[in-house]
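Chemist: Following this line is input07.cif, made up of mmCIF, C-alpha atoms:
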```
data_input
loop_
_atom_site.label_atom_id
_atom_site.label_comp_id
_atom_site.auth_asym_id
_atom_site.auth_seq_id
_atom_site.Cartn_x
_atom_site.Cartn_y
_atom_site.Cartn_z
CA VAL A 1 92.13 67.34 77.25
CA PHE A 2 95.31 65.29 77.36
CA ALA A 3 97.04 67.72 74.96
CA LEU A 4 96.02 70.68 77.13
CA ILE A 5 97.34 68.98 80.26
CA MET A 6 100.64 68.15 78.56
CA MET A 7 100.93 71.75 77.33
CA LEU A 8 100.66 72.96 80.92
CA VAL A 9 103.14 70.31 82.09
CA TYR A 10 105.96 70.89 79.61
CA PRO A 11 105.80 74.11 77.51
CA VAL A 12 104.56 76.15 80.47
CA GLY A 13 105.43 74.06 83.52
CA ALA A 14 109.06 73.16 82.70
CA PRO A 15 110.38 76.72 82.15
CA LEU A 16 108.35 78.01 85.09
CA ALA A 17 109.62 75.26 87.41
CA LEU A 18 113.21 75.91 86.32
CA PHE A 19 112.84 79.64 86.98
CA VAL A 20 111.35 79.07 90.44
CA LEU A 21 114.14 76.64 91.41
CA LEU A 22 116.88 78.98 90.18
CA LEU A 23 115.24 81.97 91.83
CA GLN A 24 115.84 80.35 95.22
CA HIS A 25 119.60 80.66 94.62
CA LYS A 26 119.59 84.09 92.97
CA GLN A 27 121.61 85.75 95.74
CA ARG A 28 124.38 83.19 95.29
CA LEU A 29 124.25 83.10 91.51
CA ASP A 30 124.32 86.89 91.24
CA PRO A 31 125.67 88.33 94.52
CA PRO A 32 124.49 91.93 94.92
CA GLY A 33 127.14 94.63 94.98
CA VAL A 34 129.88 92.31 93.66
CA GLU A 35 131.75 92.80 90.40
CA GLU A 36 131.14 90.23 87.69
CA GLY A 37 134.58 88.60 87.75
CA GLU A 38 134.54 88.19 91.51
CA ALA A 39 130.97 86.87 91.43
CA ILE A 40 131.97 84.19 88.92
CA GLU A 41 134.82 83.04 91.16
CA ARG A 42 132.53 83.00 94.20
CA ARG A 43 130.04 80.77 92.39
CA LYS A 44 132.76 78.23 91.59
CA GLU A 45 133.74 77.98 95.26
CA ASP A 46 130.22 78.04 96.70
CA ALA A 47 129.50 74.72 98.43
CA VAL A 48 125.73 75.27 98.38
CA LEU A 49 125.66 75.75 94.61
CA ALA A 50 127.88 72.70 94.16
CA GLU A 51 125.37 70.56 96.07
CA GLU A 52 122.41 71.78 93.98
CA PRO A 53 122.49 70.21 90.48
CA ILE A 54 119.82 72.62 89.22
CA THR A 55 122.21 75.56 89.55
CA GLN A 56 124.42 74.10 86.82
CA PHE A 57 121.94 75.57 84.35
CA SER A 58 123.16 79.03 85.41
CA MET A 59 126.91 78.41 85.72
CA LEU A 60 127.51 78.80 81.98
CA TYR A 61 126.12 82.31 82.04
CA ARG A 62 127.30 85.61 83.48
CA PRO A 63 125.89 86.32 86.95
CA LYS A 64 123.24 88.83 85.86
CA TYR A 65 121.94 86.31 83.30
CA TRP A 66 121.44 83.49 85.80
CA PHE A 67 117.92 82.96 84.35
CA TYR A 68 119.05 82.70 80.72
CA GLU A 69 118.45 78.96 80.41
CA VAL A 70 114.76 79.65 81.05
CA TYR A 71 114.76 82.06 78.10
CA ASN A 72 116.62 79.48 75.98
CA THR A 73 113.96 76.88 76.74
CA VAL A 74 111.19 79.29 75.73
CA ARG A 75 113.07 80.19 72.54
CA ARG A 76 113.36 76.54 71.54
CA LEU A 77 109.68 75.96 72.25
CA LEU A 78 108.71 78.96 70.12
CA LEU A 79 110.74 77.67 67.17
CA THR A 80 109.47 74.08 67.44
CA SER A 81 106.14 73.68 69.25
CA ALA A 82 104.49 77.11 69.15
CA VAL A 83 104.86 77.31 65.38
CA LEU A 84 102.39 74.41 65.07
CA VAL A 85 99.61 76.74 66.22
CA THR A 86 99.83 78.79 63.00
CA ARG A 87 97.18 78.06 60.40
CA ASP A 88 98.99 78.48 57.06
CA LEU A 89 102.41 79.02 55.47
CA GLY A 90 102.11 82.80 55.63
CA GLU A 91 101.51 82.86 59.37
CA THR A 92 104.24 80.27 59.92
CA THR A 93 106.81 82.27 57.96
CA LEU A 94 105.93 85.57 59.62
CA PHE A 95 106.04 84.02 63.10
CA ILE A 96 109.41 82.31 62.57
CA VAL A 97 110.99 85.40 61.00
CA CYS A 98 109.88 87.57 63.93
CA VAL A 99 111.13 85.05 66.49
CA GLY A 100 114.41 84.64 64.60
CA ILE A 101 115.09 88.38 64.45
CA VAL A 102 114.15 89.05 68.07
CA THR A 103 116.21 86.15 69.44
CA LEU A 104 119.19 87.15 67.29
CA VAL A 105 119.13 90.69 68.66
CA ILE A 106 118.78 89.43 72.25
CA GLU A 107 121.71 87.02 71.85
CA GLN A 108 123.92 89.57 70.11
CA GLU A 109 123.28 92.40 72.55
CA SER A 110 123.36 90.44 75.81
CA LYS A 111 126.34 88.10 75.20
CA PRO A 112 125.26 86.12 78.27
CA HIS A 113 127.86 83.33 78.34
CA VAL A 114 130.92 83.44 80.56
CA ASN A 115 132.96 82.02 77.69
CA PRO A 116 133.03 84.64 74.88
CA PHE A 117 133.57 81.96 72.23
CA LEU A 118 130.40 80.21 73.36
CA SER A 119 128.50 83.49 73.02
CA ALA A 120 129.95 83.90 69.51
CA PHE A 121 128.93 80.33 68.64
CA CYS A 122 125.35 80.97 69.81
CA GLN A 123 125.23 84.20 67.81
CA THR A 124 126.34 82.26 64.75
CA CYS A 125 123.58 79.69 65.32
CA CYS A 126 120.98 82.47 65.53
CA TRP A 127 122.27 83.90 62.25
CA GLN A 128 122.06 80.42 60.69
CA ILE A 129 118.42 80.10 61.72
CA LEU A 130 117.51 83.50 60.29
CA LEU A 131 119.40 82.97 57.01
CA PHE A 132 117.85 79.54 56.59
CA ILE A 133 114.36 80.98 57.05
CA LEU A 134 115.03 83.72 54.50
CA TYR A 135 116.41 81.18 52.04
CA LEU A 136 113.29 78.99 52.33
CA LEU A 137 111.10 82.08 51.99
CA LEU A 138 112.89 82.96 48.76
CA LEU A 139 112.40 79.44 47.38
CA ASP A 140 108.72 79.28 48.36
CA SER A 141 108.03 82.61 46.65
CA ASP A 142 108.70 80.97 43.23
CA LEU A 143 110.84 83.92 42.22
CA THR A 144 113.81 81.72 41.35
CA THR A 145 114.44 79.01 38.80
CA GLU A 146 116.13 75.71 39.59
CA GLY A 147 119.52 77.04 38.47
CA GLN A 148 119.12 80.21 40.51
CA ALA A 149 118.25 78.15 43.58
CA VAL A 150 121.57 76.32 43.26
CA TRP A 151 123.48 79.60 43.02
CA ILE A 152 121.61 81.00 46.00
CA SER A 153 122.44 77.85 47.98
CA ALA A 154 126.13 78.27 47.16
CA LEU A 155 126.00 81.96 48.05
CA LEU A 156 124.30 81.13 51.35
CA MET A 157 127.01 78.58 52.19
CA VAL A 158 129.80 81.07 51.45
CA SER A 159 128.00 83.74 53.49
CA ASN A 160 127.69 81.34 56.42
CA ILE A 161 131.39 80.51 56.32
CA CYS A 162 132.37 84.20 56.16
CA LEU A 163 129.97 85.00 58.99
CA ILE A 164 131.39 82.26 61.22
CA VAL A 165 134.99 83.30 60.54
CA ARG A 166 134.22 86.98 61.13
CA ILE A 167 132.43 86.40 64.45
CA MET A 168 135.04 84.00 65.80
CA THR A 169 138.03 86.13 64.81
CA GLY A 170 136.34 89.24 66.21
CA VAL A 171 135.81 87.55 69.56
CA GLY A 172 139.43 86.37 69.61
CA ALA A 173 140.69 89.90 68.97
CA ARG A 174 138.47 91.42 71.65
CA SER A 175 139.47 88.82 74.24
CA GLU A 176 143.13 89.80 73.84
CA LEU A 177 142.52 93.48 74.68
CA PRO A 178 143.17 94.62 78.28
CA MET A 179 140.07 95.72 80.12
CA ASP A 180 141.32 99.00 81.60
CA PRO A 181 142.78 101.99 79.70
CA VAL A 182 146.04 102.11 81.69
CA SER A 183 146.77 98.44 80.90
CA TRP A 184 145.95 99.10 77.27
CA ALA A 185 148.31 102.06 77.23
CA THR A 186 151.07 100.08 78.88
CA ALA A 187 150.70 97.15 76.51
CA SER A 188 150.41 99.18 73.32
CA ALA A 189 152.97 101.92 74.00
CA GLY A 190 156.02 99.68 74.03
CA GLY A 191 158.14 102.55 75.30
CA GLY A 192 155.89 105.31 76.48
CA ILE A 193 152.49 106.90 75.90
CA GLU A 194 150.84 109.94 77.39
CA LEU A 195 147.81 109.23 79.51
CA THR A 196 146.22 112.65 79.02
CA ASP A 197 143.17 111.16 77.29
CA PHE A 198 142.77 108.56 80.01
CA ALA A 199 143.00 110.94 82.97
CA VAL A 200 140.12 110.47 85.39
CA ASP A 201 138.87 112.95 87.95
CA ASN A 202 139.97 111.21 91.11
CA PRO A 203 140.01 113.02 94.47
CA LEU A 204 143.17 111.10 95.40
CA ASN A 205 144.99 112.59 92.40
CA SER A 206 143.52 116.07 92.53
CA GLY A 207 144.33 116.87 96.10
CA GLY A 208 140.67 117.22 96.96
CA GLY A 209 139.76 119.30 93.91
CA GLY A 210 138.69 118.48 90.38
CA ASP A 211 140.51 121.30 88.56
CA ALA A 212 143.07 120.63 85.87
CA GLY A 213 145.83 122.48 87.67
CA GLU A 214 149.19 121.41 89.04
CA GLY A 215 147.63 119.07 91.58
CA GLY A 216 144.66 118.00 89.39
CA PRO A 217 144.38 114.94 87.20
CA ARG A 218 145.20 117.00 84.12
CA GLY A 219 148.40 118.34 85.63
CA PRO A 220 151.98 117.26 84.83
CA ALA A 221 151.70 114.09 86.90
CA ALA A 222 148.85 112.84 84.74
CA ARG A 223 150.80 113.55 81.56
CA GLN A 224 153.84 111.48 82.44
CA GLY A 225 154.48 108.64 80.04
CA VAL A 226 154.28 105.00 80.98
CA HIS A 227 157.72 103.36 80.78
#
```
Give the structure from the file, written as structure tokens.
Modeler:
Amino acid sequence: VFALIMMLVYPVGAPLALFVLLLQHKQRLDPPGVEEGEAIERRKEDAVLAEEPITQFSMLYRPKYWFYEVYNTVRRLLLTSAVLVTRDLGETTLFIVCVGIVTLVIEQESKPHVNPFLSAFCQTCCWQILLFILYLLLLDSDLTTEGQAVWISALLMVSNICLIVRIMTGVGARSELPMDPVSWATASAGGGIELTDFAVDNPLNSGGGGDAGEGGPRGPAARQGVH
């Protein structure tokens, strides 16, 4: 009875309570109709959010992922407490592999953190969990000798280092790229580049029409180089 009560208090109650408390500030954490960059700046200057310590759980994440700490709590519980419910090694391995793959995909596709390097670090941690599980699965299968296990351990370490370096350097390269095509063209041209491929159908440029004529976005004005 005590174990059941504690299960309702922490594994179920804690994430649920956190979600309910954050939900009360959803409109301030993720202002509707506001671009992401502006929403992040608004949150920093919001006096109400500053007075509510619970909202700090959401400040690390992009506005649309204000609830992500709730997911993180559930993920940790699945990898630590929920695995105790399994009855044998087979069920344990299958459960952890499934959770590891699903959480890796979620982390890699969502990139929820405001700081891109923090997102890359969390992705790396998810990869570490999955690779560690696969390594233990290989050892428990008795398909390797003692010498092979040492070589596999060394290979896993090298793979981890390469994975960390690749993710971190990739994030650094992406963070240096301008966000809009015109800025990219200006920065990369050095002297001049045609913007034909970046022309956008804009009524202000087309004189009210969308045709690629003299007054349209595909006309001579759109093909002038950036100097």
Chemist: With all atoms listed in the file as the atoms that count, which of A:Val1, A:Gln27, A:Leu22, A:Gly100 lies nearest to Pro53 in chain A?
Modeler: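 The shortest atom-to-atom distance to Pro53 in chain A comes from A:Leu22.
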Chemist: Between A:Met157, A:Arg76, A:Leu29, A:Thr103, which residue has the minimum interatomic distance to Gln56 in chain A, considering only C-alpha atoms?
Modeler: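 Ranking A:Met157, A:Arg76, A:Leu29, A:Thr103 by distance to Gln56 in chain A, first place goes to A:Leu29.
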Chemist: Could you state the separation of CA of Ala154 in chain A and CA of Cys122 in chain A in Å, given to one decimal place?
Modeler: 22.8 Å
Chemist: Translate the PyMOL selection byres ((chain A and resi 136) around 12), as applied to the file shown, into an explicit residue set as an MDAnalysis selection string.
Modeler: chainID A and resid 89 92:93 96:97 129:135 137:144 149 152:153 156
Chemist: Residues as selected, C-alpha atoms, written as an mmCIF file, keeping the file's coordinate frame, can you do that?
Modeler:
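Ended up saving to again28.cif:
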```
data_model
loop_
_atom_site.group_PDB
_atom_site.id
_atom_site.type_symbol
_atom_site.label_atom_id
_atom_site.label_comp_id
_atom_site.auth_asym_id
_atom_site.auth_seq_id
_atom_site.Cartn_x
_atom_site.Cartn_y
_atom_site.Cartn_z
ATOM 1 C CA LEU A 89 102.410 79.020 55.470
ATOM 2 C CA THR A 92 104.240 80.270 59.920
ATOM 3 C CA THR A 93 106.810 82.270 57.960
ATOM 4 C CA ILE A 96 109.410 82.310 62.570
ATOM 5 C CA VAL A 97 110.990 85.400 61.000
ATOM 6 C CA ILE A 129 118.420 80.100 61.720
ATOM 7 C CA LEU A 130 117.510 83.500 60.290
ATOM 8 C CA LEU A 131 119.400 82.970 57.010
ATOM 9 C CA PHE A 132 117.850 79.540 56.590
ATOM 10 C CA ILE A 133 114.360 80.980 57.050
ATOM 11 C CA LEU A 134 115.030 83.720 54.500
ATOM 12 C CA TYR A 135 116.410 81.180 52.040
ATOM 13 C CA LEU A 137 111.100 82.080 51.990
ATOM 14 C CA LEU A 138 112.890 82.960 48.760
ATOM 15 C CA LEU A 139 112.400 79.440 47.380
ATOM 16 C CA ASP A 140 108.720 79.280 48.360
ATOM 17 C CA SER A 141 108.030 82.610 46.650
ATOM 18 C CA ASP A 142 108.700 80.970 43.230
ATOM 19 C CA LEU A 143 110.840 83.920 42.220
ATOM 20 C CA THR A 144 113.810 81.720 41.350
ATOM 21 C CA ALA A 149 118.250 78.150 43.580
ATOM 22 C CA ILE A 152 121.610 81.000 46.000
ATOM 23 C CA SER A 153 122.440 77.850 47.980
ATOM 24 C CA LEU A 156 124.300 81.130 51.350
#
```
Chemist: Quote the spacing between CA of Ile164 in chain A and CA of Tyr65 in chain A in Å to one decimal place.
Modeler: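 The value is 24.4 Å.
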Chemist: Closest to Thr80 in chain A among A:Leu21, A:Val99, A:Cys126, A:Leu118, using all atoms listed in the file?
Modeler: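 For Thr80 in chain A, the nearest of the given residues is A:Val99.
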Chemist: Just say which residues the PyMOL selection byres ((chain A and resi 32-39) around 12) picks in this file, as a list of chain:residue names.
Modeler: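 Checked against the file, the PyMOL selection byres ((chain A and resi 32-39) around 12) matches A:Lys26, A:Gln27, A:Arg28, A:Leu29, A:Asp30, A:Pro31, A:Ile40, A:Glu41, A:Arg42, A:Arg43, A:Lys44, A:Glu45, A:Asp46, A:Met59, A:Tyr61, A:Arg62, A:Pro63, A:Lys64, A:Tyr65, A:Trp66, A:Pro112, A:Val114, A:Met179.
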Chemist: Starting from the displayed file, determine the output of the PyMOL selection byres ((chain A and resi 15) around 12) and express the residue list as an NGL selection string.
Modeler: :A and (7-14 or 16-22 or 57 or 67-77)
Chemist: In Å, how far is it from CA of Pro116 in chain A to CA of Arg166 in chain A?
Modeler: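 Going from CA of Pro116 in chain A over to CA of Arg166 in chain A covers 14.0 Å.
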Chemist: Using all atoms listed in the file, which of A:Thr86, A:Asn160, A:Gln148, A:Gln24 sits nearest Gln123 in chain A?
Modeler: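 Smallest separation from Gln123 in chain A among the options: A:Asn160.
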